[in-house]
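To keep things clear, I will list the structure first and then write my remarks on it.
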Amino acid sequence: MPADLFAQALNGLAYGVLLFLLSVGLTLIFGMLDVVNLAHGSFYMLGAYAGLSLIAGTGNFWLALLLAPLAVGLIGALVEVSCLRPLYRRPPLDQVLLTFGFIYLFEDLAKWIWGGRIRSIAPPDLFSGSVSVWGAIIPSYRLFVIGFGLVMALLLWLLIERTRLGAIIRAGVFDAEMTGGLGVNIKAVFTGVFAFGAALGGLSGVIAGPIQSAYPSMGVAILIPALIVVVVGGLGSLKGSLVGSLVIGQAETFGKAWLPDSSMLIIYVVMATVMLLRPQGLFGRPLK
Amino acid sequence: MDKVTRRKFLGGATLAAAGTAMGPWVLRAGAQSGPIKIGVVLPYSGVYAVLGESITQAMELVFARENWTVAGRKIELIKEDDEMQPPVGVRKTEKLIDSDKVDILTGPVHSGILMGMRDKVHNSKTILIVSNAGADAISRERCSKWIFRTSFSNWQPCQPMGDWVAKNVSKDVFLTAPNYQAGKDMMNAFKETFVPAGGKVVAEDYPKLGETDYAPYLTKIRQSGAKAVFAFYSGTDAVNFVKQFDQFGLKQNIKLTGAGFLTEPDVLPAQGKSALGVITGHFYTPVLDNPTNQRFVKEFREKYAGKMPDGFACQGYDTAEVIVRALKVVNGNTQDKMKLVEVIEKSEFDSPRGRFRFDPKSHNVIQPFIYVREVKEVGGGLNNVPIDKVANVTDPGTGCTLPA
């Protein structure tokens with residue numbers, strides 16, 4: 001039985017790390033810009049498709065992993081400058097509606113470019129088989145995802161906690177207006193953070209491709225778990241996003257294994273419990 | 001208010017009297033002048049858009065062959081997108097029946113939409129030719145003399161497989177399907193013949209529809225000790241399940257079998273080599289060597305840029321074929337609906353899947369064969385190659401008492 005538990009825990013870890021890569025961009029954008037970006041799932045979808053095309057074009061997964069997020073980040077920057085910027089002074093609902101509209105726009109765009117059929121993405125040759133880890137058999141690509149995600153978490157932490165850019169972002173999350181008053185070009189920082197968040201969404205899409213394939217509505221399917229992670233972890237918190245993802249990853253995996261008929265129940269129970277005990281999320285700032 | 005009502009009533013009565021006086025002869029003249037309107041309720045957006053597309057393309061292939069004319073009347077298709085959402089599908093059905101006044105209705109893909117539209121269709125005496133949705137109930141306790149089905153009941157591709165898997169693959173089988181009606185219907189149909197043949201259901205799991213990560217279920221399958229899996233998944237679920245099944249290294253020790261939708265041509269290219277060796281039951285495969293199918297595959301691929309027709313396309317072809325043949329027999333008269341129903345009931349022709357007939361007891365198609373198919377490499381691509389077949393698979397139609 002312990003071997004079973006370990007195998008499922010490993011599955012949960014791989015899924016949780018994937019959720020982390022996705023939700024960290026969402027939480028960063030929310031923390032800095034105060035925008036609930038519902039189109040974040042679309043960046044994930046666009047990342048998967050951009051990865052698909054780049055792999056087809058270059059034959060190199062690693063190049064795609066590098067370039068696809070840049071492309072999605074660029075799209076993110078365009079969205080922020082052209083559509084989101086004029087809406088900052090308006091009520092939050094307007095921004096939610098705007099990003100909601102982008103879900104449909106990007107979905108139809110993907111259908112137009114890549115067609116409606118589901119397309120598969122092959123994992124890199126290096127990670128195409130499955131391996132046995134202490135009796136648990138897991139695709140080696142998922143082990144790579146776990147390692148990659150944890151390294152990304154460390155790099156993001158260093159970026160935000162140990163660099164000048166990170167200090168500006170942290171200040172912006174705390175009080176954007178005051179940061180602007182201190183001579184920081186807050187408009188550029190907003191665009192940069194939005195583009196960076198979108199690029200992270202795109203990156204998670206490339207990473208998810210070999211596991212979940214690419215299809216136009218994949219962004220909508222993943223949006224709910226990502227939003228739950230952000231709520232559980234705490235809005236705008238990197239640490240919260242990581243811990244929330246790992247908790248939700250385990251909760252959903254063991255939910256599926258033990259209560260297959262109501263597999264989604266456990267993650268909602270986790271979310272409701274966290275909201276009752278700590279409404280601001282595990283690592284969020286206390287609510288005013 | 002009272003006055004207006006009375007005037008309206010009188011006006012209506014006068015018209016009705018005039019109509020009766022001039023007899024059915026006037027009605028027929030009216031019927032034969034305008035176009036024949038065929039309402040289509042299918043998903044044209046969302047995950048199952050590709051199914052709606054296949055069905056429509058094959059229907060249009062048949063109508064184009066007839067130059068969009070039957071018995072001197074134009075054929076007009078009125079297409080509505082049901083978005084795979086029952087409330088939308090039912091609303092579109094009401095629109096087609098009440099305001100477009102279609103002569104014949106076809107669709108839908110989603111069983112939930114079919115069950116939702118059933119009463120509207122039945123009560124308005126609209127002829128519906130179901131071109132996909134497999135809900136068993138529509139051939140059983142919820143059957144209607146106005147409803148025919150050219151596709152399948154969920155029971156049909158699975159019931160023969162239970163016996164076949166027990167005898168040819170393994171008696172220790174793990175069952176898995178999405179957690180909704182069609183999934184349960186299909187697994188129950190499988191068990192009907194699997195258990196009497198000495199099979200043992202090791203365990204069963206029903207993940208949610210649209211699941212993306214099957215890892216927890218695949219780990220359970222490995223630990224269950226099952227020698228084979230019988231699965232029903234469709235669309236993106238089929239791609240992700242089959243690929244992840246392979247990625248977890250299960251293919252080496254556990255045989256994957258299932259309902260045909262698991263490896264239809266809409267998902268095979270995305271599954272790639274992961275699908276090799278998967279065994280499924282279905283009433284159709286594009287490699288069937290009867291002349292009707294060979295012509296169908298050739299014409300379909302010529303018209304649609306080399307696309308391989310799938311079972312959904314076969315359903316669309318048969319739906320249009322049933323409509324065209326029946327309209328020819330009644331010489332384009334769509335007014336006498338009882339007559340049209342009688343004619344449709346007697347439909348019999350060579351379909352790509354074999355000799356097509358309806359079961360008069362349930363109005364559901366009798367599958368000429370359920371083919372046991374294995375995914376193999378054929379001419380550079382993957383395809384479902386028949387390795388065995390079961391003839392005349394007829395839904396039991398339990399609880400259906402046609403004519404009703």
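Residue numbering restarts at 1 in every chain; chains get A, B, ... in the order shown in the structure tokens, and ligands count up from 1 in that same order.
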
Item to check | Spatial neighbours of region 152-160 of chain A, max dist 9 Å, only C-alpha atoms, sep filter under 3 positions, as a PyMOL selection string | outcome: chain A and resi 20-21+147-149+163-170+238-239+242

Item to check | Exercise: region 55-63 of chain B partners within 7 Å, only C-alpha atoms, chain neighbours under 5 positions left out, as a ChimeraX atom specification | outcome: /B:68,312-313,315-317,320-321

Checklist entry - With only C-alpha atoms as the atoms that count, which of A:Ile121, A:Leu46, A:Ile113, A:Ala56 lies nearest to Gln212 (chain A)? => result A:Ile121

Item to check | Residue list for chain A near chain B as a ChimeraX atom specification, 8 Å, only C-alpha atoms | outcome: /A:4,7-8,11,15,116-120,128-130,137-139,211-213,215-217,221,253-254,256-257,260-261,263

Checklist entry - Suppose you want the space between CA of Val220 (chain A) and CA of Arg142 (chain A); what is it in Å? => result 22.4 Å

Next on the checklist: Report, in Å to a single decimal, how far apart CA of Leu105 (chain A) and CA of Val173 (chain A) are.
Outcome noted: 28.8 Å

Item to check | Who sits within 10 Å of Ser170 (chain B), only C-alpha atoms, same chain under 2 positions skipped, as a list in words | outcome: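 The filter keeps Trp164, Val165, Ala166, Lys167, Asn168, Asp172, Val173, Gly198, Gly199, Lys200, Ala226, Lys227, Ala228, Val229, Ile254 and Lys255 of chain B.
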
Item to check | Phe300 (chain B) surroundings by only C-alpha atoms, 9 Å radius, close-in-sequence under 3 positions cut, as a list in words | outcome: Gln57, Ala58, Leu61, Arg295, Phe296, Val297, Lys303, Tyr304, Ala305, Gly306, Lys307, Met308, Pro309 and Ala313 of chain B
